>>> print(open('work-v8.txt').read())   # compact mmCIF, N, CA and C atoms
# COMPACT_ATOMS: atom_id res chain seq x y z
N MET A 362 15.81 -27.60 -12.68
CA MET A 362 15.88 -26.84 -13.91
C MET A 362 16.87 -27.52 -14.84
N ASP A 363 16.45 -27.68 -16.07
CA ASP A 363 17.31 -28.31 -17.06
C ASP A 363 18.22 -27.31 -17.75
N THR A 364 17.71 -26.12 -17.99
CA THR A 364 18.49 -25.13 -18.72
C THR A 364 18.30 -23.77 -18.08
N PHE A 365 19.29 -22.94 -18.23
CA PHE A 365 19.22 -21.56 -17.76
C PHE A 365 19.09 -20.69 -19.00
N THR A 366 17.98 -19.96 -19.11
CA THR A 366 17.72 -19.17 -20.30
C THR A 366 17.47 -17.71 -19.93
N PRO A 367 18.54 -16.96 -19.67
CA PRO A 367 18.34 -15.58 -19.22
C PRO A 367 17.78 -14.64 -20.28
N LEU A 368 18.10 -14.86 -21.54
CA LEU A 368 17.62 -13.93 -22.58
C LEU A 368 16.10 -13.98 -22.74
N PRO A 369 15.49 -15.17 -22.94
CA PRO A 369 14.02 -15.18 -23.02
C PRO A 369 13.36 -14.68 -21.74
N ALA A 370 13.96 -14.98 -20.59
CA ALA A 370 13.39 -14.49 -19.32
C ALA A 370 13.45 -12.97 -19.26
N ALA A 371 14.56 -12.39 -19.67
CA ALA A 371 14.70 -10.93 -19.65
C ALA A 371 13.73 -10.27 -20.64
N ILE A 372 13.59 -10.84 -21.82
CA ILE A 372 12.66 -10.28 -22.81
C ILE A 372 11.23 -10.39 -22.30
N GLY A 373 10.88 -11.54 -21.75
CA GLY A 373 9.54 -11.72 -21.18
C GLY A 373 9.28 -10.74 -20.06
N GLY A 374 10.25 -10.56 -19.17
CA GLY A 374 10.09 -9.61 -18.07
C GLY A 374 9.92 -8.19 -18.56
N LEU A 375 10.69 -7.83 -19.58
CA LEU A 375 10.55 -6.48 -20.16
C LEU A 375 9.16 -6.28 -20.76
N LEU A 376 8.66 -7.29 -21.45
CA LEU A 376 7.33 -7.18 -22.05
C LEU A 376 6.23 -7.11 -20.99
N ILE A 377 6.37 -7.87 -19.91
CA ILE A 377 5.39 -7.80 -18.82
C ILE A 377 5.42 -6.41 -18.19
N GLY A 378 6.61 -5.90 -17.92
CA GLY A 378 6.73 -4.56 -17.35
C GLY A 378 6.17 -3.49 -18.27
N LEU A 379 6.45 -3.62 -19.56
CA LEU A 379 5.94 -2.67 -20.55
C LEU A 379 4.41 -2.69 -20.58
N SER A 380 3.85 -3.89 -20.58
CA SER A 380 2.38 -3.98 -20.62
C SER A 380 1.76 -3.39 -19.36
N ALA A 381 2.38 -3.63 -18.20
CA ALA A 381 1.87 -3.06 -16.96
C ALA A 381 1.95 -1.53 -16.99
N ALA A 382 3.05 -1.00 -17.52
CA ALA A 382 3.22 0.45 -17.62
C ALA A 382 2.20 1.05 -18.58
N ILE A 383 1.97 0.39 -19.71
CA ILE A 383 1.01 0.90 -20.70
C ILE A 383 -0.40 0.93 -20.10
N LEU A 384 -0.77 -0.15 -19.39
CA LEU A 384 -2.11 -0.19 -18.78
C LEU A 384 -2.25 0.89 -17.72
N TRP A 385 -1.21 1.09 -16.92
CA TRP A 385 -1.27 2.09 -15.86
C TRP A 385 -1.28 3.51 -16.42
N LEU A 386 -0.38 3.79 -17.35
CA LEU A 386 -0.30 5.14 -17.91
C LEU A 386 -1.47 5.45 -18.83
N GLY A 387 -1.91 4.46 -19.61
CA GLY A 387 -2.96 4.69 -20.59
C GLY A 387 -4.36 4.57 -20.05
N ASN A 388 -4.54 3.75 -19.00
CA ASN A 388 -5.88 3.49 -18.52
C ASN A 388 -6.04 3.79 -17.02
N GLY A 389 -4.91 4.06 -16.36
CA GLY A 389 -4.96 4.33 -14.92
C GLY A 389 -5.26 3.11 -14.09
N ARG A 390 -5.02 1.93 -14.65
CA ARG A 390 -5.34 0.67 -13.97
C ARG A 390 -4.08 -0.13 -13.69
N ILE A 391 -4.10 -0.87 -12.60
CA ILE A 391 -2.98 -1.74 -12.24
C ILE A 391 -3.22 -3.11 -12.87
N ALA A 392 -2.18 -3.68 -13.44
CA ALA A 392 -2.29 -4.97 -14.13
C ALA A 392 -2.20 -6.13 -13.15
N GLY A 393 -3.11 -6.15 -12.20
CA GLY A 393 -3.23 -7.29 -11.29
C GLY A 393 -4.28 -8.23 -11.86
N ILE A 394 -3.85 -9.39 -12.30
CA ILE A 394 -4.75 -10.29 -13.03
C ILE A 394 -5.93 -10.74 -12.17
N SER A 395 -5.69 -11.02 -10.89
CA SER A 395 -6.82 -11.46 -10.04
C SER A 395 -7.85 -10.36 -9.89
N GLY A 396 -7.41 -9.11 -9.78
CA GLY A 396 -8.35 -8.00 -9.68
C GLY A 396 -9.10 -7.77 -10.98
N ILE A 397 -8.40 -7.88 -12.09
CA ILE A 397 -9.03 -7.69 -13.39
C ILE A 397 -10.08 -8.79 -13.61
N PHE A 398 -9.70 -10.03 -13.33
CA PHE A 398 -10.62 -11.15 -13.52
C PHE A 398 -11.74 -11.12 -12.48
N GLY A 399 -11.39 -10.84 -11.23
CA GLY A 399 -12.36 -10.89 -10.14
C GLY A 399 -13.47 -9.86 -10.25
N GLN A 400 -13.25 -8.80 -10.99
CA GLN A 400 -14.27 -7.76 -11.11
C GLN A 400 -15.07 -7.86 -12.41
N LEU A 401 -14.98 -9.02 -13.06
CA LEU A 401 -15.81 -9.25 -14.25
C LEU A 401 -17.26 -9.53 -13.86
N LEU A 402 -17.44 -10.17 -12.73
CA LEU A 402 -18.79 -10.51 -12.27
C LEU A 402 -19.04 -9.85 -10.94
N PRO A 403 -20.13 -9.22 -10.71
CA PRO A 403 -21.16 -8.94 -11.70
C PRO A 403 -20.66 -7.91 -12.71
N PRO A 404 -21.14 -8.02 -13.93
CA PRO A 404 -20.66 -7.10 -14.97
C PRO A 404 -20.94 -5.65 -14.59
N GLY A 405 -19.92 -4.85 -14.74
CA GLY A 405 -20.06 -3.41 -14.46
C GLY A 405 -19.73 -2.62 -15.70
N ARG A 406 -19.53 -1.35 -15.51
CA ARG A 406 -19.24 -0.49 -16.66
C ARG A 406 -17.81 -0.65 -17.15
N THR A 407 -16.95 -1.32 -16.37
CA THR A 407 -15.56 -1.47 -16.78
C THR A 407 -15.25 -2.88 -17.31
N VAL A 408 -16.26 -3.59 -17.72
CA VAL A 408 -16.06 -4.98 -18.12
C VAL A 408 -15.35 -5.12 -19.47
N VAL A 409 -15.53 -4.18 -20.38
CA VAL A 409 -14.99 -4.32 -21.74
C VAL A 409 -13.46 -4.35 -21.73
N TRP A 410 -12.82 -3.38 -21.09
CA TRP A 410 -11.36 -3.38 -21.09
C TRP A 410 -10.81 -4.60 -20.37
N ARG A 411 -11.51 -5.08 -19.35
CA ARG A 411 -11.07 -6.27 -18.61
C ARG A 411 -11.09 -7.51 -19.53
N LEU A 412 -12.19 -7.67 -20.26
CA LEU A 412 -12.28 -8.80 -21.19
C LEU A 412 -11.23 -8.71 -22.29
N VAL A 413 -11.05 -7.53 -22.85
CA VAL A 413 -10.05 -7.36 -23.90
C VAL A 413 -8.66 -7.70 -23.37
N PHE A 414 -8.34 -7.22 -22.18
CA PHE A 414 -7.03 -7.48 -21.58
C PHE A 414 -6.82 -8.99 -21.36
N LEU A 415 -7.81 -9.66 -20.78
CA LEU A 415 -7.67 -11.09 -20.48
C LEU A 415 -7.62 -11.95 -21.74
N VAL A 416 -8.44 -11.63 -22.73
CA VAL A 416 -8.41 -12.37 -23.98
C VAL A 416 -7.06 -12.16 -24.68
N ALA A 417 -6.57 -10.93 -24.70
CA ALA A 417 -5.27 -10.66 -25.31
C ALA A 417 -4.14 -11.36 -24.55
N LEU A 418 -4.27 -11.47 -23.24
CA LEU A 418 -3.27 -12.18 -22.43
C LEU A 418 -3.17 -13.64 -22.86
N VAL A 419 -4.32 -14.29 -22.99
CA VAL A 419 -4.34 -15.69 -23.40
C VAL A 419 -3.89 -15.85 -24.85
N LEU A 420 -4.42 -15.03 -25.75
CA LEU A 420 -4.05 -15.13 -27.16
C LEU A 420 -2.58 -14.79 -27.39
N GLY A 421 -2.07 -13.81 -26.65
CA GLY A 421 -0.66 -13.46 -26.77
C GLY A 421 0.25 -14.60 -26.34
N THR A 422 -0.13 -15.27 -25.27
CA THR A 422 0.65 -16.43 -24.80
C THR A 422 0.60 -17.55 -25.83
N PHE A 423 -0.59 -17.84 -26.33
CA PHE A 423 -0.74 -18.89 -27.34
C PHE A 423 0.03 -18.52 -28.61
N GLY A 424 -0.08 -17.26 -29.02
CA GLY A 424 0.62 -16.82 -30.23
C GLY A 424 2.13 -16.91 -30.09
N ALA A 425 2.65 -16.51 -28.94
CA ALA A 425 4.11 -16.59 -28.72
C ALA A 425 4.57 -18.05 -28.70
N ALA A 426 3.79 -18.91 -28.05
CA ALA A 426 4.15 -20.33 -27.99
C ALA A 426 4.12 -20.97 -29.39
N SER A 427 3.18 -20.54 -30.22
CA SER A 427 3.07 -21.09 -31.57
C SER A 427 4.13 -20.52 -32.50
N ALA A 428 4.35 -19.21 -32.42
CA ALA A 428 5.27 -18.55 -33.35
C ALA A 428 6.74 -18.74 -32.97
N LEU A 429 7.00 -18.94 -31.70
CA LEU A 429 8.38 -19.04 -31.22
C LEU A 429 8.58 -20.32 -30.40
N PRO A 430 8.37 -21.49 -31.00
CA PRO A 430 8.45 -22.73 -30.22
C PRO A 430 9.85 -23.03 -29.69
N PHE A 431 10.87 -22.43 -30.27
CA PHE A 431 12.24 -22.70 -29.84
C PHE A 431 12.57 -22.07 -28.49
N LEU A 432 11.70 -21.18 -27.98
CA LEU A 432 11.99 -20.55 -26.69
C LEU A 432 11.84 -21.51 -25.52
N GLY A 433 10.99 -22.49 -25.65
CA GLY A 433 10.83 -23.48 -24.59
C GLY A 433 11.57 -24.75 -24.95
N ASN A 434 12.06 -25.45 -23.94
CA ASN A 434 12.79 -26.67 -24.25
C ASN A 434 11.89 -27.89 -24.34
N LYS A 435 10.61 -27.76 -23.95
CA LYS A 435 9.65 -28.85 -24.09
C LYS A 435 8.25 -28.27 -24.06
N PRO A 436 7.26 -28.99 -24.58
CA PRO A 436 5.90 -28.48 -24.59
C PRO A 436 5.36 -28.30 -23.16
N ALA A 437 4.47 -27.34 -22.98
CA ALA A 437 3.87 -27.10 -21.67
C ALA A 437 2.93 -28.24 -21.31
N THR A 438 3.04 -28.72 -20.10
CA THR A 438 2.16 -29.77 -19.59
C THR A 438 1.83 -29.46 -18.14
N LEU A 439 0.77 -30.08 -17.65
CA LEU A 439 0.47 -29.96 -16.22
C LEU A 439 1.46 -30.81 -15.44
N VAL A 440 1.88 -30.29 -14.32
CA VAL A 440 2.76 -31.06 -13.45
C VAL A 440 1.92 -32.15 -12.79
N GLU A 441 2.51 -33.29 -12.56
CA GLU A 441 1.80 -34.38 -11.88
C GLU A 441 1.73 -34.11 -10.40
N ALA A 442 0.63 -34.53 -9.78
CA ALA A 442 0.48 -34.41 -8.34
C ALA A 442 1.53 -35.28 -7.66
N PRO A 443 1.94 -34.91 -6.43
CA PRO A 443 2.90 -35.75 -5.72
C PRO A 443 2.36 -37.16 -5.50
N VAL A 444 3.23 -38.10 -5.34
CA VAL A 444 2.84 -39.50 -5.17
C VAL A 444 1.92 -39.69 -3.96
N TRP A 445 2.18 -38.95 -2.90
CA TRP A 445 1.40 -39.11 -1.67
C TRP A 445 -0.02 -38.57 -1.80
N PHE A 446 -0.30 -37.76 -2.83
CA PHE A 446 -1.64 -37.21 -3.04
C PHE A 446 -2.40 -38.19 -3.92
N THR A 447 -3.30 -38.95 -3.34
CA THR A 447 -3.94 -40.06 -4.06
C THR A 447 -5.19 -39.68 -4.83
N ALA A 448 -5.66 -38.45 -4.71
CA ALA A 448 -6.90 -38.05 -5.38
C ALA A 448 -6.69 -37.73 -6.86
N GLY A 449 -5.45 -37.63 -7.33
CA GLY A 449 -5.17 -37.40 -8.74
C GLY A 449 -4.80 -35.95 -9.06
N THR A 450 -4.18 -35.80 -10.22
CA THR A 450 -3.68 -34.49 -10.65
C THR A 450 -4.80 -33.46 -10.86
N PRO A 451 -5.94 -33.79 -11.49
CA PRO A 451 -6.98 -32.77 -11.66
C PRO A 451 -7.45 -32.18 -10.32
N ILE A 452 -7.60 -33.02 -9.31
CA ILE A 452 -8.02 -32.53 -7.99
C ILE A 452 -6.91 -31.69 -7.38
N TRP A 453 -5.66 -32.09 -7.54
CA TRP A 453 -4.51 -31.33 -7.05
C TRP A 453 -4.49 -29.93 -7.66
N VAL A 454 -4.69 -29.87 -8.97
CA VAL A 454 -4.69 -28.57 -9.66
C VAL A 454 -5.88 -27.73 -9.21
N ALA A 455 -7.06 -28.35 -9.09
CA ALA A 455 -8.25 -27.62 -8.65
C ALA A 455 -8.07 -27.06 -7.24
N LEU A 456 -7.55 -27.87 -6.33
CA LEU A 456 -7.30 -27.38 -4.97
C LEU A 456 -6.28 -26.24 -4.97
N SER A 457 -5.27 -26.37 -5.79
CA SER A 457 -4.27 -25.30 -5.90
C SER A 457 -4.91 -24.01 -6.39
N GLY A 458 -5.79 -24.11 -7.37
CA GLY A 458 -6.48 -22.93 -7.89
C GLY A 458 -7.40 -22.30 -6.86
N ILE A 459 -8.11 -23.13 -6.11
CA ILE A 459 -8.99 -22.60 -5.07
C ILE A 459 -8.19 -21.88 -3.99
N LEU A 460 -7.10 -22.49 -3.54
CA LEU A 460 -6.25 -21.84 -2.54
C LEU A 460 -5.66 -20.53 -3.07
N THR A 461 -5.27 -20.53 -4.34
CA THR A 461 -4.74 -19.31 -4.94
C THR A 461 -5.82 -18.23 -4.99
N GLY A 462 -7.03 -18.60 -5.36
CA GLY A 462 -8.14 -17.65 -5.39
C GLY A 462 -8.43 -17.05 -4.03
N PHE A 463 -8.49 -17.89 -3.00
CA PHE A 463 -8.70 -17.37 -1.64
C PHE A 463 -7.54 -16.48 -1.22
N GLY A 464 -6.34 -16.90 -1.53
CA GLY A 464 -5.16 -16.10 -1.16
C GLY A 464 -5.15 -14.74 -1.82
N THR A 465 -5.51 -14.69 -3.09
CA THR A 465 -5.52 -13.40 -3.78
C THR A 465 -6.62 -12.49 -3.24
N LYS A 466 -7.72 -13.07 -2.82
CA LYS A 466 -8.81 -12.26 -2.26
C LYS A 466 -8.40 -11.72 -0.89
N ILE A 467 -7.84 -12.59 -0.05
CA ILE A 467 -7.43 -12.18 1.30
C ILE A 467 -6.26 -11.20 1.24
N GLY A 468 -5.30 -11.47 0.33
CA GLY A 468 -4.11 -10.63 0.21
C GLY A 468 -4.33 -9.39 -0.63
N ASN A 469 -5.55 -9.22 -1.13
CA ASN A 469 -5.90 -8.06 -1.94
C ASN A 469 -4.98 -7.92 -3.16
N GLY A 470 -4.70 -9.04 -3.81
CA GLY A 470 -3.89 -8.99 -5.01
C GLY A 470 -3.11 -10.28 -5.22
N CYS A 471 -2.53 -10.39 -6.40
CA CYS A 471 -1.78 -11.59 -6.76
C CYS A 471 -0.33 -11.22 -7.08
N THR A 472 0.40 -12.18 -7.60
CA THR A 472 1.81 -11.94 -7.90
C THR A 472 1.99 -10.85 -8.94
N SER A 473 1.10 -10.76 -9.90
CA SER A 473 1.25 -9.72 -10.91
C SER A 473 0.94 -8.34 -10.33
N GLY A 474 -0.11 -8.25 -9.55
CA GLY A 474 -0.46 -6.96 -8.96
C GLY A 474 0.56 -6.50 -7.94
N HIS A 475 0.92 -7.38 -7.01
CA HIS A 475 1.87 -7.01 -5.97
C HIS A 475 3.31 -7.04 -6.49
N GLY A 476 3.68 -8.12 -7.18
CA GLY A 476 5.07 -8.31 -7.59
C GLY A 476 5.54 -7.38 -8.68
N VAL A 477 4.71 -7.16 -9.67
CA VAL A 477 5.12 -6.31 -10.79
C VAL A 477 4.73 -4.85 -10.52
N CYS A 478 3.48 -4.63 -10.20
CA CYS A 478 3.00 -3.25 -10.07
C CYS A 478 3.21 -2.67 -8.68
N GLY A 479 2.93 -3.44 -7.64
CA GLY A 479 3.02 -2.92 -6.28
C GLY A 479 4.45 -2.58 -5.87
N ILE A 480 5.38 -3.46 -6.18
CA ILE A 480 6.77 -3.18 -5.84
C ILE A 480 7.28 -1.99 -6.65
N ALA A 481 6.87 -1.88 -7.89
CA ALA A 481 7.28 -0.73 -8.70
C ALA A 481 6.76 0.58 -8.11
N ARG A 482 5.63 0.52 -7.40
CA ARG A 482 5.08 1.71 -6.76
C ARG A 482 5.60 1.86 -5.32
N LEU A 483 6.53 0.98 -4.91
CA LEU A 483 7.12 0.98 -3.58
C LEU A 483 6.08 0.81 -2.47
N SER A 484 5.09 -0.03 -2.74
CA SER A 484 4.03 -0.31 -1.77
C SER A 484 4.55 -1.26 -0.69
N THR A 485 4.45 -0.86 0.57
CA THR A 485 4.88 -1.71 1.68
C THR A 485 4.09 -3.01 1.70
N ARG A 486 2.78 -2.91 1.50
CA ARG A 486 1.93 -4.10 1.49
C ARG A 486 2.39 -5.08 0.41
N SER A 487 2.81 -4.57 -0.75
CA SER A 487 3.26 -5.44 -1.83
C SER A 487 4.61 -6.09 -1.50
N PHE A 488 5.50 -5.35 -0.86
CA PHE A 488 6.77 -5.96 -0.44
C PHE A 488 6.53 -7.11 0.54
N VAL A 489 5.60 -6.92 1.48
CA VAL A 489 5.27 -7.98 2.43
C VAL A 489 4.63 -9.16 1.70
N ALA A 490 3.69 -8.88 0.81
CA ALA A 490 3.00 -9.95 0.08
C ALA A 490 3.97 -10.76 -0.75
N VAL A 491 4.87 -10.11 -1.47
CA VAL A 491 5.83 -10.82 -2.31
C VAL A 491 6.79 -11.64 -1.45
N GLY A 492 7.18 -11.11 -0.30
CA GLY A 492 8.02 -11.88 0.62
C GLY A 492 7.33 -13.16 1.07
N VAL A 493 6.04 -13.05 1.37
CA VAL A 493 5.27 -14.23 1.78
C VAL A 493 5.12 -15.19 0.60
N PHE A 494 4.85 -14.68 -0.62
CA PHE A 494 4.75 -15.54 -1.80
C PHE A 494 6.01 -16.39 -1.95
N PHE A 495 7.14 -15.72 -1.89
CA PHE A 495 8.41 -16.42 -2.10
C PHE A 495 8.69 -17.42 -0.99
N ALA A 496 8.43 -17.04 0.24
CA ALA A 496 8.67 -17.95 1.36
C ALA A 496 7.82 -19.21 1.24
N VAL A 497 6.55 -19.04 0.91
CA VAL A 497 5.65 -20.19 0.76
C VAL A 497 6.05 -21.02 -0.46
N ALA A 498 6.46 -20.37 -1.54
CA ALA A 498 6.90 -21.12 -2.72
C ALA A 498 8.13 -21.97 -2.41
N ILE A 499 9.09 -21.40 -1.70
CA ILE A 499 10.29 -22.15 -1.33
C ILE A 499 9.92 -23.31 -0.42
N LEU A 500 9.05 -23.08 0.54
CA LEU A 500 8.61 -24.14 1.44
C LEU A 500 7.88 -25.24 0.67
N THR A 501 7.01 -24.83 -0.26
CA THR A 501 6.25 -25.81 -1.05
C THR A 501 7.17 -26.70 -1.89
N VAL A 502 8.13 -26.09 -2.56
CA VAL A 502 9.07 -26.87 -3.37
C VAL A 502 9.89 -27.78 -2.50
N THR A 503 10.30 -27.31 -1.33
CA THR A 503 11.09 -28.13 -0.42
C THR A 503 10.30 -29.34 0.06
N ILE A 504 9.03 -29.13 0.39
CA ILE A 504 8.21 -30.21 0.92
C ILE A 504 7.80 -31.19 -0.19
N THR A 505 7.34 -30.69 -1.32
CA THR A 505 6.80 -31.57 -2.38
C THR A 505 7.86 -32.09 -3.33
N GLY A 506 8.94 -31.35 -3.50
CA GLY A 506 9.96 -31.75 -4.46
C GLY A 506 9.56 -31.45 -5.89
N ILE A 507 8.45 -30.74 -6.10
CA ILE A 507 8.00 -30.39 -7.45
C ILE A 507 8.70 -29.12 -7.86
N VAL A 508 9.33 -29.15 -9.02
CA VAL A 508 10.00 -27.95 -9.56
C VAL A 508 9.43 -27.65 -10.91
>>> encode(input="work-v8.txt", output="structure tokens")
Amino acid sequence: MDTFTPLPAAIGGLLIGLSAAILWLGNGRIAGISGIFGQLLPPGRTVVWRLVFLVALVLGTFGAASALPFLGNKPATLVEAPVWFTAGTPIWVALSGILTGFGTKIGNGCTSGHGVCGIARLSTRSFVAVGVFFAVAILTVTITGIV
């Protein structure tokens, strides 16, 4: 890490928590991104709010990055694959995405669903899932050296 930026992190965390609370209180839904995305196909009767939420998520991120460029210390880029992985960065990213997709399906949720919403609801399953997320993340960084 090059810089420690607690204020933008705190503001971002507050906005994520606020959005999760608004979705839960206003729509009765948990803001688990993998669940929201995963239930788009086949299209059901709840597809509209899911699309609106996901489009707003992407546009909100793009809008914040464009309107507030000073919050980041450098432009967002894909991390390079480790030197020992010879198939290239696109394959590394694709494999990472596939593993994440399988993990969210098997774990019945992702970091947003378990970490933000599940822990807030004091879900035992979410506490276990987040503990595993963090343990694997620490192990991955230790092994690959990617930060």
>>> atom_distance(input="work-v8.txt", atom1="atom C of A:Thr465", atom2="atom N of A:Gly389")
21.2 Å
>>> residues_around(input="work-v8.txt", residues="A:Thr472", least_positions_apart="3", cutoff="7 Å", atoms="only C-alpha atoms", output="list in words")
His475, Gly476 and Val491 of chain A
>>> closest_residue(input="work-v8.txt", among="A:Leu412, A:Val440, A:Leu384, A:Val493", to="A:Phe398", atoms="only N, CA and C atoms")
A:Leu412
>>> atom_distance(input="work-v8.txt", atom1="atom N of A:Val416", atom2="atom C of A:Gly373")
17.9 Å
>>> atom_distance(input="work-v8.txt", atom1="atom CA of A:Asn469", atom2="atom CA of A:Ile391")
12.4 Å
>>> axis_aligned_box(input="work-v8.txt", around="stretch 386-403 of chain A", padding_each_side="4 Å", output="AutoDock Vina command-line options")
--center_x -10.7 --center_y -3.0 --center_z -15.1 --size_x 28.9 --size_y 24.9 --size_z 18.9
>>> closest_residue(input="work-v8.txt", among="A:Thr461, A:Thr422, A:Ser395, A:Thr503", to="A:Gly474", atoms="all atoms listed in the file")
A:Ser395
>>> select_by_dssp(input="work-v8.txt", residues="chain A", states="alpha helix (DSSP H)", output="JSON, numbers by chain")
{"A": [367, 368, 369, 370, 371, 372, 373, 374, 375, 376, 377, 378, 379, 380, 381, 382, 383, 384, 385, 386, 387, 388, 394, 395, 396, 397, 398, 399, 408, 409, 410, 411, 412, 413, 414, 415, 416, 417, 418, 419, 420, 421, 422, 423, 424, 425, 426, 427, 428, 450, 451, 452, 453, 454, 455, 456, 457, 458, 459, 460, 461, 462, 463, 464, 465, 466, 467, 480, 481, 485, 486, 487, 488, 489, 490, 491, 492, 493, 494, 495, 496, 497, 498, 499, 500, 501, 502, 503, 504, 505]}
>>> residues_around(input="work-v8.txt", residues="A:Ala442", least_positions_apart="4", cutoff="7 Å", atoms="all atoms listed in the file", output="list in words")
Phe446, Gly449, Thr450, Pro451, Trp453 and Val454 of chain A
>>> decode(input="work-v8.txt", residues="stretch 472-491 of chain A", atoms="N, CA and C atoms", output="PDB file, in the first residue's frame")
ATOM      1  N   THR A 472     -18.946 -11.608  -0.832  1.00  0.00           N
ATOM      2  CA  THR A 472     -18.473 -10.716   0.227  1.00  0.00           C
ATOM      3  C   THR A 472     -19.489  -9.639   0.563  1.00  0.00           C
ATOM      4  N   SER A 473     -20.221  -9.161  -0.413  1.00  0.00           N
ATOM      5  CA  SER A 473     -21.217  -8.124  -0.110  1.00  0.00           C
ATOM      6  C   SER A 473     -22.400  -8.709   0.649  1.00  0.00           C
ATOM      7  N   GLY A 474     -22.865  -9.863   0.225  1.00  0.00           N
ATOM      8  CA  GLY A 474     -23.995 -10.479   0.911  1.00  0.00           C
ATOM      9  C   GLY A 474     -23.646 -10.937   2.309  1.00  0.00           C
ATOM     10  N   HIS A 475     -22.541 -11.661   2.439  1.00  0.00           N
ATOM     11  CA  HIS A 475     -22.139 -12.166   3.751  1.00  0.00           C
ATOM     12  C   HIS A 475     -21.472 -11.082   4.598  1.00  0.00           C
ATOM     13  N   GLY A 476     -20.528 -10.354   4.000  1.00  0.00           N
ATOM     14  CA  GLY A 476     -19.729  -9.395   4.768  1.00  0.00           C
ATOM     15  C   GLY A 476     -20.479  -8.163   5.206  1.00  0.00           C
ATOM     16  N   VAL A 477     -21.293  -7.620   4.337  1.00  0.00           N
ATOM     17  CA  VAL A 477     -22.013  -6.390   4.678  1.00  0.00           C
ATOM     18  C   VAL A 477     -23.363  -6.722   5.307  1.00  0.00           C
ATOM     19  N   CYS A 478     -24.135  -7.545   4.637  1.00  0.00           N
ATOM     20  CA  CYS A 478     -25.503  -7.797   5.092  1.00  0.00           C
ATOM     21  C   CYS A 478     -25.598  -8.932   6.110  1.00  0.00           C
ATOM     22  N   GLY A 479     -24.892 -10.025   5.872  1.00  0.00           N
ATOM     23  CA  GLY A 479     -25.000 -11.183   6.757  1.00  0.00           C
ATOM     24  C   GLY A 479     -24.458 -10.919   8.149  1.00  0.00           C
ATOM     25  N   ILE A 480     -23.310 -10.288   8.232  1.00  0.00           N
ATOM     26  CA  ILE A 480     -22.748  -9.972   9.545  1.00  0.00           C
ATOM     27  C   ILE A 480     -23.633  -8.962  10.270  1.00  0.00           C
ATOM     28  N   ALA A 481     -24.187  -8.024   9.546  1.00  0.00           N
ATOM     29  CA  ALA A 481     -25.089  -7.056  10.172  1.00  0.00           C
ATOM     30  C   ALA A 481     -26.324  -7.739  10.749  1.00  0.00           C
ATOM     31  N   ARG A 482     -26.727  -8.869  10.154  1.00  0.00           N
ATOM     32  CA  ARG A 482     -27.868  -9.626  10.662  1.00  0.00           C
ATOM     33  C   ARG A 482     -27.436 -10.687  11.678  1.00  0.00           C
ATOM     34  N   LEU A 483     -26.138 -10.699  12.031  1.00  0.00           N
ATOM     35  CA  LEU A 483     -25.561 -11.645  12.986  1.00  0.00           C
ATOM     36  C   LEU A 483     -25.736 -13.100  12.543  1.00  0.00           C
ATOM     37  N   SER A 484     -25.609 -13.330  11.243  1.00  0.00           N
ATOM     38  CA  SER A 484     -25.731 -14.672  10.683  1.00  0.00           C
ATOM     39  C   SER A 484     -24.450 -15.471  10.956  1.00  0.00           C
ATOM     40  N   THR A 485     -24.587 -16.628  11.583  1.00  0.00           N
ATOM     41  CA  THR A 485     -23.436 -17.485  11.861  1.00  0.00           C
ATOM     42  C   THR A 485     -22.761 -17.915  10.564  1.00  0.00           C
ATOM     43  N   ARG A 486     -23.565 -18.293   9.573  1.00  0.00           N
ATOM     44  CA  ARG A 486     -23.018 -18.708   8.282  1.00  0.00           C
ATOM     45  C   ARG A 486     -22.184 -17.588   7.660  1.00  0.00           C
ATOM     46  N   SER A 487     -22.629 -16.343   7.807  1.00  0.00           N
ATOM     47  CA  SER A 487     -21.888 -15.216   7.246  1.00  0.00           C
ATOM     48  C   SER A 487     -20.580 -14.971   8.002  1.00  0.00           C
ATOM     49  N   PHE A 488     -20.597 -15.123   9.317  1.00  0.00           N
ATOM     50  CA  PHE A 488     -19.346 -14.981  10.077  1.00  0.00           C
ATOM     51  C   PHE A 488     -18.326 -16.026   9.631  1.00  0.00           C
ATOM     52  N   VAL A 489     -18.776 -17.264   9.420  1.00  0.00           N
ATOM     53  CA  VAL A 489     -17.871 -18.321   8.952  1.00  0.00           C
ATOM     54  C   VAL A 489     -17.376 -17.998   7.548  1.00  0.00           C
ATOM     55  N   ALA A 490     -18.280 -17.592   6.663  1.00  0.00           N
ATOM     56  CA  ALA A 490     -17.900 -17.285   5.279  1.00  0.00           C
ATOM     57  C   ALA A 490     -16.884 -16.153   5.227  1.00  0.00           C
ATOM     58  N   VAL A 491     -17.104 -15.089   5.974  1.00  0.00           N
ATOM     59  CA  VAL A 491     -16.183 -13.953   5.959  1.00  0.00           C
ATOM     60  C   VAL A 491     -14.830 -14.361   6.545  1.00  0.00           C
TER      61      VAL A 491
END
